[in-house]
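Inspection log for the structure reproduced underneath, given as structure tokens.
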Amino acid sequence: MGFFLRLAATPFSLDMVSNYKYVVHAHSHVALLGWVYLGLSSFIVYFFVSESKVKKHYSKIFWATQACLIGMLMAFPIQGYALVSITFSTLFLLVSYVFFGFILKHTTPEFKSRKSFLLIKHALFYMVLSSIGPWALGPVMATLGNESVWYKLAIYFYLHFQYNAWFVLAFMGLLVFILEKTQFIIETKSFSKFIFLFHIGIIGTFFLSTLWATSHWTVYLLSNLGSLSLWLGFFYLWKSVKKSFDPFYEALIPQSKFILKFLVFVFILKLTMQTLSGIPFFAELAAANLDVVIGYLHWFFLGFVSLFLLFLASYLKWIRLSKFSLSLYLIAFISTEFLIFYRAGIINFQWDYLPNLNTYLAMASCLFSVAVITILGQTLLIRKNQNQLTSKTG
């Protein structure tokens, strides 16, 4: 869908996008909920819940989630935000609440005292908290309309606590769980400081999403205090896990080491961009140019979130992540980010116009699809060969 959206802005449009805005809604919902949520929830269940509980209870939640996702995937491109799509979106929220309760109830008892589970609990709390945004959309639209400031703030509230809190804490929790399996002790004092500072930072940095609506000095103060808290918090997180992380890192294969280094680079730059948006000059740039916001969101989602999911799936041998498919993915990521930010620079800084920029952007986006299809194909081929080998030896 992302490729066809980009292609629609070129002379080579195949008329696959009948309503651009509707397909954007489908694209964003399937990316966040069909890919990221499904990936994270799968890892959480795999790590923290016994197989017997999965078969008895989780399978129902899983298939209910799939039904909601397929409903949104079919409804949004046709009608946008309307009765059917809103119904499936609402059902998805309810199923996600059930998932939260399932994890709290059925996590293996020995894991409940671990620091990794504490991170997962906090992550899922923010997932639930973020849903206040979608619940608020209906009343806001009915009373103030979808052009209201409050309508946009409700969406930004949802997005902020989704990708800055739920996604980040879930990834940290999964990584800490792996470190805990190496029998190394995580330093408690620094870890507790991280938890405290992270909560302060997440609440404070939400106000970065409101700077387009108001430029009052108190909003800038809260935003920047939030950013400072996050930087300090992640410093203490690294301090708490460093002793455990070093032997884990050294045992990884070279490709996994490279991916982790790349993830750290992307995340630090993401935090830097987020911090800069608390400065009036950069806040005004972001508010005035949608490409800046899109570039920032794709930088985090494609460069960190998606790559982290691929890293974990590869680490657990769920997928086959070859050098070829990884290279394709990274080329697609780097080239699309360059072109998006360059297009923003044409407007903001009067950079030279690049002919056929949108066509190049569509071509680079196509590489994401090729990379994912390659990963899927190689994974299925390996599993097929393994099954054949097992059947022969059996």
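Just remember, in the structure tokens the first chain shown is A, the second B, etc., residues are 1-based per chain, and ligands are 1-based in the order shown.
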Exercise: Lys181 (chain A) partners within 12 Å, only C-alpha atoms, chain neighbours under 4 positions left out, as an mmCIF file with N, CA and C atoms, in the first residue's frame:
data_model
loop_
_atom_site.group_PDB
_atom_site.id
_atom_site.type_symbol
_atom_site.label_atom_id
_atom_site.label_comp_id
_atom_site.auth_asym_id
_atom_site.auth_seq_id
_atom_site.Cartn_x
_atom_site.Cartn_y
_atom_site.Cartn_z
ATOM 1 N N PHE A 47 7.740 -15.333 24.880
ATOM 2 C CA PHE A 47 8.704 -15.238 25.979
ATOM 3 C C PHE A 47 8.080 -15.520 27.345
ATOM 4 N N PHE A 111 8.450 -15.553 36.012
ATOM 5 C CA PHE A 111 8.850 -14.379 35.247
ATOM 6 C C PHE A 111 8.273 -13.075 35.806
ATOM 7 N N ARG A 114 10.571 -10.486 37.351
ATOM 8 C CA ARG A 114 11.708 -10.020 36.551
ATOM 9 C C ARG A 114 11.510 -8.576 36.097
ATOM 10 N N LYS A 115 12.628 -7.913 35.879
ATOM 11 C CA LYS A 115 12.587 -6.526 35.398
ATOM 12 C C LYS A 115 12.010 -6.455 33.987
ATOM 13 N N SER A 116 12.241 -7.478 33.200
ATOM 14 C CA SER A 116 11.696 -7.496 31.843
ATOM 15 C C SER A 116 10.173 -7.468 31.867
ATOM 16 N N LEU A 174 11.630 -6.937 25.924
ATOM 17 C CA LEU A 174 12.013 -8.171 25.232
ATOM 18 C C LEU A 174 13.528 -8.364 25.233
ATOM 19 N N LEU A 175 14.246 -7.260 25.019
ATOM 20 C CA LEU A 175 15.711 -7.353 25.010
ATOM 21 C C LEU A 175 16.242 -7.668 26.409
ATOM 22 N N VAL A 176 15.656 -7.045 27.432
ATOM 23 C CA VAL A 176 16.077 -7.316 28.810
ATOM 24 C C VAL A 176 15.778 -8.767 29.185
ATOM 25 N N PHE A 177 14.659 -9.318 28.687
ATOM 26 C CA PHE A 177 14.333 -10.719 28.953
ATOM 27 C C PHE A 177 15.435 -11.635 28.416
ATOM 28 N N ILE A 185 23.072 -10.326 36.274
ATOM 29 C CA ILE A 185 22.203 -9.496 37.113
ATOM 30 C C ILE A 185 22.169 -8.069 36.565
ATOM 31 N N ILE A 186 20.969 -7.517 36.463
ATOM 32 C CA ILE A 186 20.797 -6.134 36.015
ATOM 33 C C ILE A 186 20.779 -5.228 37.234
ATOM 34 N N SER A 244 25.517 -7.020 31.495
ATOM 35 C CA SER A 244 24.822 -8.162 30.890
ATOM 36 C C SER A 244 24.898 -8.121 29.375
ATOM 37 N N PHE A 245 24.918 -6.905 28.835
ATOM 38 C CA PHE A 245 24.830 -6.739 27.388
ATOM 39 C C PHE A 245 26.125 -7.132 26.686
ATOM 40 N N PRO A 247 28.568 -9.509 27.129
ATOM 41 C CA PRO A 247 28.739 -10.905 26.715
ATOM 42 C C PRO A 247 27.683 -11.363 25.715
ATOM 43 N N PHE A 248 26.459 -10.838 25.844
ATOM 44 C CA PHE A 248 25.394 -11.154 24.882
ATOM 45 C C PHE A 248 25.785 -10.671 23.489
#
Once you count only C-alpha atoms, what closest atom pair and distance in Å to one decimal does each residue of region 230-299 of chain A within 10 Å of region 342-359 of chain A have, with rows by chain and rising residue number, as a tab-separated table?
residue	atom	partner	partner_atom	distance
A:Leu285	CA	A:Asn348	CA	7.1
A:Ala286	CA	A:Ala344	CA	9.4
A:Ala288	CA	A:Asn348	CA	8.6
A:Asn289	CA	A:Ala344	CA	6.6
A:Leu290	CA	A:Ala344	CA	7.9
A:Asp291	CA	A:Ala344	CA	5.4
A:Val292	CA	A:Ala344	CA	6.1
A:Val293	CA	A:Ala344	CA	9.6
A:Ile294	CA	A:Ala344	CA	9.8
A:Gly295	CA	A:Ala344	CA	8.8
Next on the checklist: I need the alpha helix (DSSP H) residues of region 127-309 of chain A per DSSP on the backbone, written as a count of residues only.
Outcome noted: 141
Item to check | Pick from A:Ala8, A:Leu230, A:Val24, A:Leu222, whichever lies nearest to Ile268 (chain A) using only C-alpha atoms | outcome: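 Looking at the shortest contact to Ile268 (chain A), the residue is A:Leu230.
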Next on the checklist: I need the residue nearest Ala154 (chain A) from this list: A:Ser209, A:Val49, A:Gly173, A:Trp166. Use only C-alpha atoms for the distance.
Outcome noted: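 Closest residue, counting only C-alpha atoms: A:Ser209.
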Item to check | Residues within 9 Å of region 30-36 of chain A, only C-alpha atoms, excluding chain neighbours under 4 positions, as number ranges by chain | outcome: A: 25-26, 40-41, 65-66, 69-70, 72-73, 92, 162-163, 167, 301, 305-306, 309
Serialized selection, all heavy atoms, as a short mmCIF file (atom, residue, chain, number, x, y, z; two decimals), in the first residue's frame:
data_model
loop_
_atom_site.label_atom_id
_atom_site.label_comp_id
_atom_site.auth_asym_id
_atom_site.auth_seq_id
_atom_site.Cartn_x
_atom_site.Cartn_y
_atom_site.Cartn_z
N HIS A 25 -5.18 5.79 5.53
CA HIS A 25 -5.72 5.26 6.78
C HIS A 25 -5.47 3.75 6.88
O HIS A 25 -5.06 3.24 7.93
CB HIS A 25 -7.23 5.53 6.87
CG HIS A 25 -7.58 6.97 7.06
ND1 HIS A 25 -6.83 7.81 7.85
CD2 HIS A 25 -8.61 7.72 6.57
CE1 HIS A 25 -7.39 9.02 7.85
NE2 HIS A 25 -8.46 8.99 7.07
N ALA A 26 -5.73 3.04 5.79
CA ALA A 26 -5.51 1.59 5.78
C ALA A 26 -4.03 1.27 5.99
O ALA A 26 -3.68 0.38 6.78
CB ALA A 26 -6.00 1.00 4.47
N LEU A 40 4.97 -7.53 18.22
CA LEU A 40 5.29 -7.38 19.65
C LEU A 40 4.49 -8.36 20.51
O LEU A 40 5.05 -8.99 21.41
CB LEU A 40 5.02 -5.95 20.09
CG LEU A 40 6.02 -4.88 19.62
CD1 LEU A 40 5.56 -3.50 20.03
CD2 LEU A 40 7.41 -5.16 20.18
N SER A 41 3.20 -8.46 20.24
CA SER A 41 2.37 -9.35 21.05
C SER A 41 2.82 -10.80 20.89
O SER A 41 2.79 -11.58 21.85
CB SER A 41 0.89 -9.19 20.68
OG SER A 41 0.66 -9.49 19.31
N THR A 65 -7.97 -11.03 16.86
CA THR A 65 -7.14 -9.92 16.38
C THR A 65 -7.04 -9.95 14.87
O THR A 65 -7.16 -8.91 14.20
CB THR A 65 -5.72 -10.01 16.99
OG1 THR A 65 -5.82 -10.01 18.42
CG2 THR A 65 -4.86 -8.83 16.56
N GLN A 66 -6.83 -11.14 14.29
CA GLN A 66 -6.74 -11.27 12.84
C GLN A 66 -8.02 -10.81 12.15
O GLN A 66 -7.99 -10.14 11.11
CB GLN A 66 -6.45 -12.73 12.44
CG GLN A 66 -5.14 -13.28 12.97
CD GLN A 66 -3.94 -12.47 12.53
OE1 GLN A 66 -3.84 -12.04 11.40
NE2 GLN A 66 -3.03 -12.24 13.45
N LEU A 69 -8.15 -7.08 12.09
CA LEU A 69 -7.17 -6.52 11.16
C LEU A 69 -7.64 -6.67 9.71
O LEU A 69 -7.53 -5.73 8.91
CB LEU A 69 -5.82 -7.22 11.35
CG LEU A 69 -5.08 -6.90 12.65
CD1 LEU A 69 -3.92 -7.86 12.85
CD2 LEU A 69 -4.60 -5.46 12.66
N ILE A 70 -8.16 -7.84 9.38
CA ILE A 70 -8.65 -8.06 8.02
C ILE A 70 -9.84 -7.15 7.73
O ILE A 70 -9.96 -6.60 6.63
CB ILE A 70 -9.03 -9.55 7.82
CG1 ILE A 70 -7.77 -10.42 7.88
CG2 ILE A 70 -9.76 -9.75 6.49
CD1 ILE A 70 -8.03 -11.91 7.92
N MET A 72 -10.36 -4.15 9.02
CA MET A 72 -9.83 -2.80 8.77
C MET A 72 -9.14 -2.71 7.42
O MET A 72 -9.28 -1.72 6.71
CB MET A 72 -8.85 -2.42 9.90
CG MET A 72 -9.52 -2.07 11.21
SD MET A 72 -8.36 -1.45 12.45
CE MET A 72 -7.69 -2.99 13.06
N LEU A 73 -8.40 -3.77 7.07
CA LEU A 73 -7.68 -3.78 5.80
C LEU A 73 -8.65 -3.69 4.62
O LEU A 73 -8.36 -3.03 3.61
CB LEU A 73 -6.87 -5.07 5.69
CG LEU A 73 -6.09 -5.31 4.40
CD1 LEU A 73 -5.06 -4.21 4.18
CD2 LEU A 73 -5.41 -6.67 4.43
N PHE A 92 -10.95 -4.02 17.76
CA PHE A 92 -9.52 -4.27 17.96
C PHE A 92 -9.07 -3.73 19.32
O PHE A 92 -8.32 -4.39 20.04
CB PHE A 92 -8.70 -3.61 16.86
CG PHE A 92 -7.22 -3.86 16.99
CD1 PHE A 92 -6.63 -4.94 16.35
CD2 PHE A 92 -6.42 -3.04 17.77
CE1 PHE A 92 -5.27 -5.20 16.50
CE2 PHE A 92 -5.06 -3.28 17.91
CZ PHE A 92 -4.49 -4.37 17.28
N GLN A 162 1.66 5.36 21.69
CA GLN A 162 1.91 4.12 20.98
C GLN A 162 3.39 3.95 20.70
O GLN A 162 4.03 3.01 21.17
CB GLN A 162 1.13 4.12 19.64
CG GLN A 162 -0.32 3.73 19.75
CD GLN A 162 -0.55 2.24 19.76
OE1 GLN A 162 -0.10 1.51 18.89
NE2 GLN A 162 -1.26 1.76 20.77
N TYR A 163 3.95 4.85 19.89
CA TYR A 163 5.32 4.59 19.41
C TYR A 163 6.41 5.06 20.35
O TYR A 163 7.51 4.50 20.35
CB TYR A 163 5.52 5.11 17.99
CG TYR A 163 5.58 6.60 17.80
CD1 TYR A 163 6.73 7.32 18.04
CD2 TYR A 163 4.47 7.30 17.31
CE1 TYR A 163 6.80 8.68 17.83
CE2 TYR A 163 4.53 8.67 17.10
CZ TYR A 163 5.69 9.36 17.36
OH TYR A 163 5.75 10.71 17.15
N PHE A 167 5.63 0.89 22.22
CA PHE A 167 6.59 0.20 21.36
C PHE A 167 7.98 0.17 21.99
O PHE A 167 8.63 -0.89 22.04
CB PHE A 167 6.67 0.86 20.00
CG PHE A 167 5.42 0.74 19.16
CD1 PHE A 167 5.27 1.47 18.00
CD2 PHE A 167 4.38 -0.10 19.54
CE1 PHE A 167 4.13 1.36 17.22
CE2 PHE A 167 3.23 -0.22 18.78
CZ PHE A 167 3.10 0.52 17.61
N PHE A 301 9.77 4.22 12.55
CA PHE A 301 9.03 2.99 12.32
C PHE A 301 9.79 2.00 11.43
O PHE A 301 9.82 0.80 11.70
CB PHE A 301 7.66 3.29 11.70
CG PHE A 301 6.64 3.75 12.70
CD1 PHE A 301 6.12 5.03 12.64
CD2 PHE A 301 6.22 2.92 13.72
CE1 PHE A 301 5.19 5.46 13.57
CE2 PHE A 301 5.29 3.33 14.65
CZ PHE A 301 4.77 4.61 14.58
N VAL A 305 11.74 0.41 14.62
CA VAL A 305 10.71 -0.54 15.04
C VAL A 305 10.70 -1.79 14.16
O VAL A 305 10.82 -2.92 14.65
CB VAL A 305 9.32 0.13 15.04
CG1 VAL A 305 8.23 -0.88 15.36
CG2 VAL A 305 9.27 1.28 16.04
N SER A 306 10.58 -1.60 12.85
CA SER A 306 10.51 -2.75 11.94
C SER A 306 11.81 -3.55 11.95
O SER A 306 11.80 -4.79 11.94
CB SER A 306 10.19 -2.29 10.52
OG SER A 306 8.88 -1.79 10.44
N LEU A 309 12.04 -5.68 15.01
CA LEU A 309 11.21 -6.88 14.87
C LEU A 309 11.92 -7.93 14.02
O LEU A 309 11.92 -9.13 14.36
CB LEU A 309 9.87 -6.52 14.25
CG LEU A 309 8.86 -5.78 15.14
CD1 LEU A 309 7.66 -5.32 14.32
CD2 LEU A 309 8.39 -6.67 16.29
#
Item to check | Within 12 Å of Val23 (chain A) using only C-alpha atoms, minus same-chain residues under 4 positions, as a list in words | outcome: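 Skipping anything fewer than 4 positions along the chain leaves Met1, Gly2, Phe3, Phe4, Leu5, Arg6, Ala8, Met16, Val17, Ser18, Asn19, His27, Ser28, His29, Val30, Ala31, Met72, Leu73, Met74, Ala75, Phe76, Pro77, Ile78, Gln79, Gly80 and Tyr81 of chain A.
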Checklist outcome for this item: Separating CA of Gln274 (chain A) from CA of Thr205 (chain A), to the nearest tenth of an Å, is a gap of 8.4 Å
Checklist entry - So which one's closest to Leu316 (chain A), A:Asn387, A:Gly278, A:Thr336, A:Tyr46? Using only C-alpha atoms, please. => result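 Comparing A:Asn387, A:Gly278, A:Thr336, A:Tyr46 against Leu316 (chain A), the winner is A:Tyr46.
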Item to check | All residues 12 Å or closer to Gly101 (chain A), only C-alpha atoms, same chain fewer than 6 positions away omitted, as a ChimeraX atom specification | outcome: /A:57-58,61,94-95,107,121,124-125,128
Item to check | Exercise: Gly204 (chain A) partners within 9 Å, only C-alpha atoms, chain neighbours under 2 positions left out, as a PyMOL selection string | outcome: chain A and resi 199-202+206-208+219+221-227+229
Give me, as a CSV table (one decimal) with all heavy atoms, in the first residue's frame, all polymer residues having an atom no more than 12 Å from Lys56 (chain A), counting only C-alpha atoms and skipping those fewer than 6 positions away in the same chain.
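Everything below was put into result_38.csv:
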chain,number,residue,atom,x,y,z
A,49,VAL,N,4.7,-16.6,28.3
A,49,VAL,CA,3.5,-17.5,28.5
A,49,VAL,C,3.8,-18.9,28.1
A,49,VAL,O,4.4,-19.2,27.1
A,49,VAL,CB,2.3,-17.0,27.7
A,49,VAL,CG1,1.1,-17.9,28.0
A,49,VAL,CG2,2.0,-15.5,28.1
A,50,SER,N,3.4,-19.9,29.0
A,50,SER,CA,3.7,-21.3,28.7
A,50,SER,C,2.9,-21.7,27.5
A,50,SER,O,1.8,-21.2,27.2
A,50,SER,CB,3.4,-22.1,29.9
A,50,SER,OG,2.0,-22.1,30.2
A,62,PHE,N,-5.7,-14.4,19.4
A,62,PHE,CA,-5.0,-14.2,18.2
A,62,PHE,C,-5.9,-14.1,17.0
A,62,PHE,O,-5.8,-13.2,16.1
A,62,PHE,CB,-4.0,-15.4,18.0
A,62,PHE,CG,-3.2,-15.3,16.7
A,62,PHE,CD1,-2.1,-14.5,16.6
A,62,PHE,CD2,-3.6,-16.1,15.6
A,62,PHE,CE1,-1.4,-14.5,15.4
A,62,PHE,CE2,-2.9,-16.1,14.4
A,62,PHE,CZ,-1.8,-15.3,14.3
A,102,PHE,N,-4.8,-10.9,29.6
A,102,PHE,CA,-4.3,-12.3,29.4
A,102,PHE,C,-2.8,-12.3,29.9
A,102,PHE,O,-2.4,-13.3,30.6
A,102,PHE,CB,-4.4,-12.7,28.0
A,102,PHE,CG,-3.6,-13.9,27.6
A,102,PHE,CD1,-4.1,-15.2,27.9
A,102,PHE,CD2,-2.4,-13.8,27.0
A,102,PHE,CE1,-3.4,-16.3,27.5
A,102,PHE,CE2,-1.7,-14.9,26.6
A,102,PHE,CZ,-2.2,-16.2,26.9
A,106,HIS,N,-1.7,-14.7,32.9
A,106,HIS,CA,-1.1,-16.0,32.5
A,106,HIS,C,0.4,-16.0,32.3
A,106,HIS,O,0.9,-17.0,31.8
A,106,HIS,CB,-1.8,-16.5,31.2
A,106,HIS,CG,-3.2,-16.9,31.4
A,106,HIS,ND1,-3.7,-17.9,32.1
A,106,HIS,CD2,-4.4,-16.3,30.9
A,106,HIS,CE1,-5.0,-18.0,32.1
A,106,HIS,NE2,-5.4,-17.0,31.3
Next on the checklist: When you count only C-alpha atoms, which of these residues is closest to Tyr37 (chain A): A:Thr143, A:Ser96, A:Ser113, A:Thr90?
Outcome noted: A:Ser96
Checklist entry - Closest to Gln255 (chain A) among A:Pro139, A:Phe311, A:Glu284, A:Phe300, using only C-alpha atoms? => result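 Under the stated criterion, the closest residue is A:Phe311.
Counting from CA of Gln386 (chain A), the distance to CA of Ile373 (chain A) is 19.8 Å.
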